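Asks: What follows is input21.cif; its format and atoms are mmCIF, C-alpha atoms (C1' of nucleotides).
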```
data_data
loop_
_atom_site.label_atom_id
_atom_site.label_comp_id
_atom_site.auth_asym_id
_atom_site.auth_seq_id
_atom_site.Cartn_x
_atom_site.Cartn_y
_atom_site.Cartn_z
CA MET A 29 196.99 177.58 237.28
CA VAL A 30 199.77 175.80 235.40
CA ARG A 31 200.91 179.34 234.64
CA ALA A 32 200.95 180.16 238.34
CA ALA A 33 203.02 177.05 238.98
CA MET A 34 205.52 178.18 236.34
CA ASP A 35 205.81 181.62 237.91
CA LEU A 36 206.37 180.01 241.28
CA ALA A 37 209.09 177.75 239.83
CA ASP A 38 210.74 180.72 238.12
CA GLU A 39 210.83 182.68 241.33
CA SER A 40 211.65 180.07 243.95
CA GLY A 41 212.79 176.96 242.12
CA ILE A 42 210.99 173.80 241.09
CA GLU A 43 211.35 172.24 244.54
CA SER A 44 209.09 174.93 245.97
CA VAL A 45 206.25 173.99 243.63
CA THR A 46 204.02 172.31 246.12
CA MET A 47 200.30 171.79 246.03
CA ARG A 48 200.04 173.57 249.35
CA GLU A 49 202.25 176.50 248.37
CA LEU A 50 200.49 176.81 245.02
CA GLY A 51 197.15 176.92 246.78
CA ARG A 52 198.47 179.61 249.10
CA ARG A 53 199.45 181.69 246.07
CA LEU A 54 196.05 181.30 244.49
CA GLY A 55 194.27 182.06 247.75
CA VAL A 56 192.74 178.64 247.96
CA GLU A 57 193.13 175.42 249.86
CA ALA A 58 195.53 172.79 248.44
CA ALA A 59 192.70 170.31 248.20
CA SER A 60 190.80 172.63 245.90
CA LEU A 61 193.45 172.31 243.21
CA TYR A 62 192.26 168.80 242.55
CA ASN A 63 189.18 170.25 240.95
CA HIS A 64 191.34 171.64 238.16
CA VAL A 65 194.08 169.08 237.82
CA ALA A 66 194.21 165.32 238.24
CA GLY A 67 197.21 165.45 240.56
CA LYS A 68 200.70 166.83 240.84
CA ASP A 69 201.96 164.67 237.96
CA ASP A 70 199.33 166.19 235.75
CA LEU A 71 200.42 169.66 236.81
CA LEU A 72 204.07 168.96 236.02
CA ASP A 73 203.14 167.51 232.63
CA GLY A 74 201.29 170.73 231.92
CA MET A 75 204.35 172.76 232.83
CA VAL A 76 206.53 170.65 230.52
CA ASP A 77 204.11 171.18 227.68
CA LEU A 78 204.07 174.95 228.12
CA VAL A 79 207.86 175.14 228.30
CA VAL A 80 208.33 173.09 225.15
CA ALA A 81 205.76 175.31 223.43
CA GLU A 82 208.01 178.31 224.11
CA ILE A 83 210.83 176.84 222.01
CA ASP A 84 210.75 178.21 218.46
CA LEU A 85 209.90 175.57 215.90
CA PRO A 86 212.43 175.27 213.07
CA SER A 87 211.70 177.85 210.41
CA SER A 88 211.26 176.77 206.83
CA ASP A 89 212.62 180.08 205.50
CA VAL A 90 216.25 179.09 206.03
CA ASP A 91 218.32 176.01 205.28
CA TRP A 92 218.25 173.06 207.65
CA LYS A 93 221.49 173.95 209.38
CA GLU A 94 220.45 177.48 210.21
CA ALA A 95 217.02 176.22 211.25
CA MET A 96 218.58 173.71 213.65
CA ARG A 97 220.91 176.33 215.04
CA ARG A 98 218.10 178.76 215.72
CA ARG A 99 216.01 176.12 217.38
CA ALA A 100 218.95 175.18 219.61
CA VAL A 101 219.57 178.79 220.55
CA SER A 102 215.87 179.28 221.22
CA ALA A 103 215.85 176.25 223.51
CA ARG A 104 218.81 177.65 225.42
CA GLU A 105 216.99 180.95 225.87
CA VAL A 106 213.87 179.23 227.12
CA PHE A 107 215.90 177.22 229.61
CA THR A 108 217.52 180.43 230.78
CA ARG A 109 214.08 181.92 231.45
CA HIS A 110 212.94 178.71 233.13
CA ARG A 111 215.98 177.22 234.76
CA TRP A 112 213.98 174.22 235.96
CA GLY A 113 212.86 173.42 232.38
CA ALA A 114 215.51 171.04 231.09
CA GLY A 115 215.51 169.02 234.27
CA LEU A 116 211.77 168.68 234.38
CA ILE A 117 211.54 167.63 230.75
CA ASP A 118 214.29 165.07 231.26
CA SER A 119 212.69 163.56 234.32
CA ARG A 120 209.23 163.32 232.77
CA GLY A 121 208.36 162.24 229.25
CA ARG A 122 208.24 164.06 225.96
CA SER A 123 204.81 162.87 225.00
CA GLY A 124 202.73 166.02 225.34
CA PRO A 125 201.18 167.70 222.30
CA SER A 126 203.88 170.40 222.13
CA SER A 127 206.63 167.81 222.26
CA LEU A 128 205.03 165.83 219.46
CA SER A 129 204.74 168.72 217.05
CA TYR A 130 208.21 169.86 218.05
CA ALA A 131 209.65 166.44 217.18
CA ASP A 132 207.64 166.29 213.98
CA ARG A 133 208.87 169.64 212.72
CA VAL A 134 212.50 168.93 213.59
CA LEU A 135 212.44 165.53 211.91
CA GLY A 136 210.60 167.02 208.95
CA THR A 137 213.29 169.64 208.47
CA LEU A 138 215.99 166.97 208.52
CA LEU A 139 214.14 164.67 206.14
CA GLU A 140 213.59 167.53 203.70
CA ALA A 141 217.29 168.33 203.87
CA GLY A 142 217.95 164.87 202.48
CA PHE A 143 218.75 162.81 205.58
CA SER A 144 217.38 159.27 205.65
CA PRO A 145 214.79 158.52 208.36
CA GLY A 146 217.36 156.59 210.39
CA ILE A 147 219.98 159.31 210.19
CA ALA A 148 217.41 162.00 210.88
CA ALA A 149 216.39 160.21 214.07
CA ASN A 150 220.00 159.87 215.18
CA ALA A 151 220.71 163.50 214.34
CA PHE A 152 217.66 164.64 216.33
CA LEU A 153 218.74 162.56 219.31
CA ALA A 154 222.34 163.80 219.10
CA LEU A 155 221.30 167.45 218.92
CA ASP A 156 218.78 167.25 221.72
CA SER A 157 221.09 165.22 223.92
CA TYR A 158 223.62 168.01 223.58
CA ILE A 159 221.14 170.85 224.06
CA TYR A 160 219.56 169.38 227.19
CA GLY A 161 222.83 168.03 228.53
CA PHE A 162 224.53 171.40 228.17
CA GLU A 163 221.74 173.05 230.06
CA ARG A 164 221.91 170.58 232.91
CA GLN A 165 225.66 171.03 233.29
CA ARG A 166 225.27 174.76 233.15
CA SER A 167 222.70 174.93 235.91
CA SER A 168 225.04 173.05 238.22
CA ILE A 169 228.34 174.61 237.16
CA SER A 170 228.06 178.15 235.89
CA PRO A 171 228.13 181.14 238.23
CA ALA A 172 224.96 182.92 239.26
CA ASP A 173 223.98 185.81 237.02
CA ASP A 174 225.39 188.46 239.29
CA GLU A 175 228.71 186.77 239.97
CA ASP A 176 231.93 187.48 238.15
CA SER A 177 233.05 184.31 236.37
CA THR A 178 236.70 185.20 236.86
CA GLU A 179 236.18 185.42 240.59
CA VAL A 180 234.59 182.00 240.60
CA ALA A 181 237.54 180.61 238.69
CA GLN A 182 239.85 182.17 241.25
CA GLU A 183 237.92 180.58 244.08
CA VAL A 184 238.14 177.20 242.38
CA LEU A 185 241.82 177.74 241.98
CA ASP A 186 242.22 178.48 245.68
CA ALA A 187 240.11 175.55 246.78
CA ILE A 188 241.96 172.96 244.72
CA PRO A 189 245.18 171.27 245.68
CA GLN A 190 247.01 172.36 242.56
CA ASP A 191 249.69 169.70 242.60
CA ALA A 192 247.06 166.97 242.77
CA PHE A 193 244.99 168.41 239.90
CA PRO A 194 247.43 170.23 237.62
CA SER A 195 245.30 170.16 234.48
CA LEU A 196 242.23 171.39 236.30
CA ALA A 197 244.32 174.19 237.78
CA CYS A 198 245.68 175.07 234.35
CA VAL A 199 242.20 175.43 232.87
CA ALA A 200 240.89 177.34 235.88
CA MET A 201 243.85 179.69 235.51
CA GLU A 202 242.74 180.39 231.96
CA TYR A 203 239.27 181.40 233.15
CA ALA A 204 240.60 183.50 235.98
CA THR A 205 241.72 186.05 233.37
CA LYS A 206 239.31 185.69 230.44
CA PRO A 207 235.66 185.62 231.52
CA TYR A 208 233.63 182.53 230.71
CA ASP A 209 231.31 183.05 227.73
CA ASP A 210 228.33 180.79 228.10
CA ALA A 211 226.91 181.33 224.63
CA ALA A 212 230.30 180.75 222.99
CA ALA A 213 230.75 177.49 224.87
CA PHE A 214 227.32 176.36 223.70
CA ASP A 215 228.04 177.28 220.09
CA PHE A 216 231.33 175.40 220.19
CA GLY A 217 229.72 172.00 220.70
CA LEU A 218 226.70 172.85 218.59
CA ASP A 219 228.90 173.64 215.60
CA LEU A 220 230.84 170.43 216.02
CA ILE A 221 227.62 168.48 215.67
CA LEU A 222 226.08 170.59 212.89
CA ASP A 223 229.27 170.57 210.82
CA GLY A 224 229.55 166.83 211.29
CA LEU A 225 225.98 166.33 210.12
CA GLN A 226 226.56 168.48 207.06
CA ARG A 227 229.48 166.30 206.09
CA LEU A 228 227.16 163.28 206.11
CA LEU A 229 224.90 164.72 203.46
CA MET B 12 225.49 152.72 254.11
CA VAL B 13 225.95 154.79 250.96
CA ARG B 14 226.38 151.41 249.29
CA ALA B 15 223.03 150.28 250.70
CA ALA B 16 221.41 153.43 249.35
CA MET B 17 222.84 152.68 245.90
CA ASP B 18 221.49 149.14 245.97
CA LEU B 19 218.11 150.48 246.99
CA ALA B 20 218.16 153.00 244.13
CA ASP B 21 219.21 150.30 241.66
CA GLU B 22 216.35 148.07 242.73
CA SER B 23 213.50 150.48 243.28
CA GLY B 24 214.49 153.81 241.78
CA ILE B 25 216.00 156.93 243.26
CA GLU B 26 212.63 158.19 244.49
CA SER B 27 212.42 155.27 246.89
CA VAL B 28 215.67 156.25 248.59
CA THR B 29 214.25 157.57 251.79
CA MET B 30 215.85 157.90 255.17
CA ARG B 31 213.04 155.83 256.62
CA GLU B 32 213.20 153.12 253.96
CA LEU B 33 216.97 153.00 254.14
CA GLY B 34 216.76 152.57 257.90
CA ARG B 35 214.26 149.75 257.40
CA ARG B 36 216.74 148.01 255.07
CA LEU B 37 219.55 148.32 257.57
CA GLY B 38 217.37 147.17 260.45
CA VAL B 39 217.63 150.49 262.20
CA GLU B 40 215.55 153.54 262.93
CA ALA B 41 215.70 156.42 260.39
CA ALA B 42 216.96 158.76 263.09
CA SER B 43 219.97 156.53 263.68
CA LEU B 44 221.28 157.23 260.20
CA TYR B 45 222.17 160.73 261.31
CA ASN B 46 225.00 159.26 263.34
CA HIS B 47 226.72 158.22 260.11
CA VAL B 48 225.74 160.95 257.72
CA ALA B 49 225.10 164.66 258.10
CA GLY B 50 221.75 164.51 256.29
CA LYS B 51 220.12 163.31 253.12
CA ASP B 52 222.09 165.76 250.99
CA ASP B 53 225.28 164.31 252.35
CA LEU B 54 224.06 160.83 251.50
CA LEU B 55 223.21 161.80 247.92
CA ASP B 56 226.57 163.48 247.48
CA GLY B 57 228.18 160.25 248.59
CA MET B 58 226.19 158.31 246.01
CA VAL B 59 227.27 160.74 243.27
CA ASP B 60 230.88 160.32 244.25
CA LEU B 61 230.71 156.53 244.14
CA VAL B 62 228.99 156.54 240.76
CA VAL B 63 231.54 158.88 239.22
CA ALA B 64 234.28 156.66 240.66
CA GLU B 65 232.90 153.76 238.62
CA ILE B 66 233.55 155.56 235.34
CA ASP B 67 236.89 154.50 233.83
CA LEU B 68 239.41 157.30 233.79
CA PRO B 69 240.90 158.00 230.37
CA SER B 70 243.77 155.64 229.72
CA SER B 71 247.16 157.00 228.76
CA ASP B 72 248.00 153.90 226.70
CA VAL B 73 245.96 155.03 223.71
CA ASP B 74 245.59 158.27 221.79
CA TRP B 75 243.30 161.02 223.08
CA LYS B 76 240.44 160.14 220.75
CA GLU B 77 240.30 156.50 221.72
CA ALA B 78 240.72 157.47 225.37
CA MET B 79 237.74 159.84 225.14
CA ARG B 80 235.67 157.24 223.37
CA ARG B 81 236.36 154.60 225.98
CA ARG B 82 235.56 156.98 228.79
CA ALA B 83 232.26 157.88 227.12
CA VAL B 84 231.35 154.23 226.62
CA SER B 85 232.30 153.49 230.21
CA ALA B 86 230.06 156.29 231.44
CA ARG B 87 227.20 154.91 229.40
CA GLU B 88 227.72 151.48 230.94
CA VAL B 89 227.79 152.92 234.44
CA PHE B 90 224.56 154.79 233.79
CA THR B 91 223.02 151.59 232.52
CA ARG B 92 223.93 149.86 235.78
CA HIS B 93 222.69 152.85 237.80
CA ARG B 94 219.86 154.38 235.83
CA TRP B 95 219.43 157.14 238.41
CA GLY B 96 223.09 158.17 238.02
CA ALA B 97 223.04 160.80 235.30
CA GLY B 98 220.03 162.54 236.78
CA LEU B 99 221.47 162.66 240.26
CA ILE B 100 224.81 164.00 239.08
CA ASP B 101 223.05 166.66 237.01
CA SER B 102 220.84 167.80 239.85
CA ARG B 103 223.70 167.99 242.36
CA GLY B 104 227.18 169.33 241.83
CA ARG B 105 230.31 167.79 240.43
CA SER B 106 232.56 168.85 243.26
CA GLY B 107 233.28 165.57 245.02
CA PRO B 108 236.78 164.07 245.03
CA SER B 109 235.96 161.56 242.27
CA SER B 110 234.55 164.29 240.06
CA LEU B 111 237.65 166.41 240.53
CA SER B 112 240.11 163.72 239.57
CA TYR B 113 237.83 162.69 236.71
CA ALA B 114 237.83 166.26 235.36
CA ASP B 115 241.56 166.59 235.87
CA ARG B 116 242.39 163.44 233.96
CA VAL B 117 240.05 164.26 231.08
CA LEU B 118 241.41 167.79 230.74
CA GLY B 119 244.95 166.45 231.08
CA THR B 120 244.41 164.05 228.20
CA LEU B 121 243.09 166.84 226.00
CA LEU B 122 245.90 169.23 226.92
CA GLU B 123 248.51 166.57 226.19
CA ALA B 124 246.87 165.98 222.82
CA GLY B 125 247.64 169.59 221.97
CA PHE B 126 244.37 171.39 222.67
CA SER B 127 244.68 174.82 224.25
CA PRO B 128 243.25 175.19 227.78
CA GLY B 129 240.23 177.07 226.44
CA ILE B 130 239.49 174.52 223.73
CA ALA B 131 240.07 171.65 226.12
CA ALA B 132 237.50 173.10 228.51
CA ASN B 133 234.99 173.54 225.71
CA ALA B 134 235.65 170.03 224.41
CA PHE B 135 235.17 168.57 227.87
CA LEU B 136 231.91 170.43 228.29
CA ALA B 137 230.67 169.43 224.83
CA LEU B 138 231.48 165.75 225.37
CA ASP B 139 229.96 165.56 228.83
CA SER B 140 226.88 167.51 227.80
CA TYR B 141 226.31 164.92 225.12
CA ILE B 142 227.06 161.92 227.33
CA TYR B 143 224.79 163.02 230.16
CA GLY B 144 222.15 164.40 227.86
CA PHE B 145 221.94 161.20 225.88
CA GLU B 146 221.50 159.23 229.04
CA ARG B 147 218.69 161.44 230.27
CA GLN B 148 216.83 161.19 226.97
CA ARG B 149 217.32 157.46 226.94
CA SER B 150 215.88 156.94 230.38
CA SER B 151 212.72 158.74 229.37
CA ILE B 152 212.39 157.46 225.81
CA SER B 153 213.85 154.03 225.24
CA PRO B 154 211.86 150.85 225.87
CA ALA B 155 212.35 148.82 229.02
CA ASP B 156 214.93 146.07 228.74
CA ASP B 157 212.44 143.32 228.16
CA GLU B 158 210.38 145.14 225.57
CA ASP B 159 210.72 144.78 221.83
CA SER B 160 211.69 148.12 220.35
CA THR B 161 209.81 147.41 217.15
CA GLU B 162 206.64 146.84 219.15
CA VAL B 163 207.09 150.14 220.87
CA ALA B 164 207.53 151.87 217.54
CA GLN B 165 204.35 150.22 216.35
CA GLU B 166 202.47 151.44 219.40
CA VAL B 167 203.74 154.97 218.82
CA LEU B 168 202.62 154.66 215.25
CA ASP B 169 199.14 153.63 216.32
CA ALA B 170 198.84 156.31 218.96
CA ILE B 171 199.80 159.18 216.67
CA PRO B 172 197.48 160.97 214.28
CA GLN B 173 199.64 160.28 211.25
CA ASP B 174 198.34 163.05 209.07
CA ALA B 175 199.13 165.60 211.78
CA PHE B 176 202.66 164.30 212.35
CA PRO B 177 203.83 162.83 209.02
CA SER B 178 207.57 163.05 209.69
CA LEU B 179 207.26 161.50 213.11
CA ALA B 180 205.20 158.72 211.58
CA CYS B 181 207.81 158.22 208.86
CA VAL B 182 210.60 157.77 211.38
CA ALA B 183 208.52 155.55 213.64
CA MET B 184 207.76 153.41 210.59
CA GLU B 185 211.48 152.95 210.11
CA TYR B 186 211.90 151.64 213.64
CA ALA B 187 208.89 149.38 213.40
CA THR B 188 210.95 147.15 211.10
CA LYS B 189 214.59 147.64 212.13
CA PRO B 190 215.12 147.38 215.88
CA TYR B 191 216.52 150.41 217.68
CA ASP B 192 220.20 150.04 218.53
CA ASP B 193 220.98 152.08 221.57
CA ALA B 194 224.77 151.78 221.41
CA ALA B 195 224.81 152.69 217.71
CA ALA B 196 222.74 155.79 218.35
CA PHE B 197 225.15 156.83 221.08
CA ASP B 198 228.19 156.26 218.86
CA PHE B 199 226.64 158.32 216.10
CA GLY B 200 226.64 161.55 218.06
CA LEU B 201 229.85 160.72 219.88
CA ASP B 202 231.72 160.32 216.58
CA LEU B 203 230.35 163.59 215.28
CA ILE B 204 231.89 165.39 218.22
CA LEU B 205 235.16 163.45 218.30
CA ASP B 206 235.74 163.83 214.56
CA GLY B 207 234.98 167.51 214.83
CA LEU B 208 237.49 167.90 217.64
CA GLN B 209 240.14 166.07 215.66
CA ARG B 210 239.71 168.49 212.81
CA LEU B 211 240.46 171.36 215.20
CA LEU B 212 243.90 170.04 216.05
"C1'" DA C 11 229.72 155.87 270.63
"C1'" DC C 12 225.46 154.41 268.87
"C1'" DC C 13 220.37 153.69 269.08
"C1'" DT C 14 215.27 154.70 270.10
"C1'" DG C 15 210.76 157.20 270.65
"C1'" DA C 16 208.45 160.89 270.20
"C1'" DA C 17 207.83 165.06 268.28
"C1'" DC C 18 207.85 168.94 264.65
"C1'" DA C 19 207.02 170.93 260.33
"C1'" DC C 20 206.32 169.58 256.18
"C1'" DC C 21 204.45 166.61 251.81
"C1'" DG C 22 200.32 164.59 248.20
"C1'" DT C 23 195.82 162.99 248.20
"C1'" DT C 24 190.95 161.68 249.52
"C1'" DC C 25 186.42 162.59 250.92
"C1'" DA C 26 182.41 163.95 253.32
"C1'" DA C 27 180.40 168.19 254.04
"C1'" DG C 28 179.19 172.65 252.84
"C1'" DT C 29 177.80 176.85 249.25
"C1'" DA D 2 180.46 173.31 239.90
"C1'" DC D 3 183.68 174.63 243.20
"C1'" DC D 4 185.53 175.02 247.95
"C1'" DT D 5 186.76 173.65 252.92
"C1'" DG D 6 188.30 170.86 257.03
"C1'" DA D 7 189.86 167.08 258.61
"C1'" DA D 8 192.10 163.08 258.01
"C1'" DC D 9 195.64 159.55 256.16
"C1'" DA D 10 200.05 157.88 255.01
"C1'" DC D 11 204.02 159.57 254.05
"C1'" DC D 12 208.59 162.81 254.25
"C1'" DG D 13 213.47 164.90 256.68
"C1'" DT D 14 215.23 166.20 260.92
"C1'" DT D 15 215.96 167.11 265.99
"C1'" DC D 16 216.61 165.82 270.60
"C1'" DA D 17 216.16 164.03 275.12
"C1'" DA D 18 216.55 159.63 276.84
"C1'" DG D 19 218.41 155.23 277.08
"C1'" DT D 20 222.51 151.30 276.49
#
```
Translate this file's structure into structure tokens.
Replies:
Amino acid sequence: MVRAAMDLADESGIESVTMRELGRRLGVEAASLYNHVAGKDDLLDGMVDLVVAEIDLPSSDVDWKEAMRRRAVSAREVFTRHRWGAGLIDSRGRSGPSSLSYADRVLGTLLEAGFSPGIAANAFLALDSYIYGFERQRSSISPADDEDSTEVAQEVLDAIPQDAFPSLACVAMEYATKPYDDAAAFDFGLDLILDGLQRLL
Amino acid sequence: MVRAAMDLADESGIESVTMRELGRRLGVEAASLYNHVAGKDDLLDGMVDLVVAEIDLPSSDVDWKEAMRRRAVSAREVFTRHRWGAGLIDSRGRSGPSSLSYADRVLGTLLEAGFSPGIAANAFLALDSYIYGFERQRSSISPADDEDSTEVAQEVLDAIPQDAFPSLACVAMEYATKPYDDAAAFDFGLDLILDGLQRLL
DNA sequence: ACCTGAACACCGTTCAAGT
DNA sequence: ACCTGAACACCGTTCAAGT
């Protein structure tokens, strides 16, 4: 039933995940759901846990930097599949079983690479802040999948008083010709952080 | 009345900002609020705009790096005053007047520093992803203001099966002795990004 | 111009009652 | 063990009616 809630969120957005709507989907009364779940909070925690479980754990076959990069890319893919994921994880805790083993494996990889416990914790926080933060910005900024990013840039350009916001207009102009590459933008910031961490070793 | 909604959110959390509760505060019926605001969405957009307006715009008296640092620190302070801020901005757009001039000034500072429009856009996105992301993690992870961070670490340590999560236990052990410094953790990642950007110039 | 009262279509949750 | 129906205390929003 947590699965059904995830499907519903994927299709119609997290705001449509309602005990009543979920019951409707499962051909059952909303009240009946309480036989399988303690309440809506419990349901959402279950969804968070399943989403986090979809993120690839850092592999031990490659060096720490490559392992961190792959995990970051995997997280981005998961949040593309489940666009409500990053937001839900942010707004609820990270204390489920999947989150714990995720944190343990990431920290383990960093410790093995030679980072001190304190630096490893800071590095973990910096990386995840960026990964989740990027996703949140994306879901509120980037064009829908079927839209042309250059068209969106053009619309922005038209909507903005260009003399009042010259720099914004300048950047929008740039994207009105070259299409916006989401993955490249993600890699840009990710590499800044990873390269910086490497220099600390 | 947007102001009153902000005070209410500061005191009791964003989830308690309700048309009915807000009306109660203002000594008025919930329905009356619709004479001053188009709907709840409109109200929330207004709150976003006022929060963004509280973030210091990058100063032109200092170099780009210091200007970006100050803006980041200012944002962190604002989100400490309004703990619902980062989440609300993430979940709604960034298209209000304050957000536009904020974006314009940040991009302008980066362009003046010599970054190309494309790099400036990526740098802006990387910095803001980190700033907002850090804040979201913090609000779900860090101890309440009155709690001792070492105590929290100790509790985590007790709650975790240490043999199953050795790396997590190792890091928690670290924070059971040295207290967690929120500002230092923020600066750590911020400097990684800023130093990396400087190297690109 | 602004407010109120009542209504509508929704929520999450509980609980006695059924099978 | 699981489900249903009805109820409760909430939501956002609309609208005729009042001042």
Asks: Show me, as JSON, numbers by chain, the residues that have an atom within 6 Å of range 148-164 of chain A when counting only C-alpha atoms (C1' of nucleotides), minus same-chain residues fewer than 5 positions from it.
Replies: {"A": [114, 138, 143], "B": [101, 140, 141, 143, 144, 145, 196, 200]}
Asks: Write out as a PyMOL selection string the residues lying within 10 Å of Arg92 in chain B, counting all atoms listed in the file and excluding same-chain residues fewer than 6 positions away.
Replies: chain B and resi 21+62+86
Asks: Please save C-alpha atoms of the selected residues as a PDB file, in the frame of the given file.
Replies:
```pdb
ATOM      1  CA  ASP B  21     219.210 150.300 241.660  1.00  0.00           C
ATOM      2  CA  VAL B  62     228.990 156.540 240.760  1.00  0.00           C
ATOM      3  CA  ALA B  86     230.060 156.290 231.440  1.00  0.00           C
TER       4      ALA B  86
END
```
Asks: Using the chain letters and numbers from the file, which residues does the PyMOL selection byres ((chain A) within 8 of (chain C)) grab, as a PyMOL selection string?
Replies: chain A and resi 47+59+68
Asks: Please evaluate the PyMOL selection byres ((chain A and resi 52-56) around 10) against the displayed coordinates and give the resulting residues as a CSV table (one decimal) with C-alpha atoms (C1' of nucleotides), in the coordinates of the input.
Replies:
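Written file, selection28.csv:
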```csv
chain,number,residue,atom,x,y,z
A,29,MET,CA,197.0,177.6,237.3
A,32,ALA,CA,201.0,180.2,238.3
A,33,ALA,CA,203.0,177.0,239.0
A,36,LEU,CA,206.4,180.0,241.3
A,46,THR,CA,204.0,172.3,246.1
A,47,MET,CA,200.3,171.8,246.0
A,48,ARG,CA,200.0,173.6,249.4
A,49,GLU,CA,202.2,176.5,248.4
A,50,LEU,CA,200.5,176.8,245.0
A,51,GLY,CA,197.2,176.9,246.8
A,57,GLU,CA,193.1,175.4,249.9
A,58,ALA,CA,195.5,172.8,248.4
A,59,ALA,CA,192.7,170.3,248.2
A,60,SER,CA,190.8,172.6,245.9
A,61,LEU,CA,193.4,172.3,243.2
D,4,DC,C1',185.5,175.0,248.0
D,5,DT,C1',186.8,173.6,252.9
```
Asks: Report, in Å with one decimal, the straight-line distance from CA of Asp219 in chain A to CA of Leu205 in chain B.
Replies: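 Value for the CA of Asp219 in chain A-CA of Leu205 in chain B distance: 12.3 Å.
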Asks: Take the PyMOL selection byres ((chain A and resi 102) around 12), run it mentally on this structure, and tell me the resulting residues as a list in words.
Replies: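 On this input, the PyMOL selection byres ((chain A and resi 102) around 12) captures Val79, Val80, Ala81, Glu82, Ile83, Asp84, Leu85, Pro86, Ser87, Ala95, Met96, Arg97, Arg98, Arg99, Ala100, Val101, Ala103, Arg104, Glu105, Val106, Phe107, Thr108, Arg109, Ile159 and Ala211 of chain A.
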Asks: Quote the spacing between CA of Asp91 in chain A and CA of Glu140 in chain A in Å to one decimal place.
Replies: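 It comes out at 9.8 Å.
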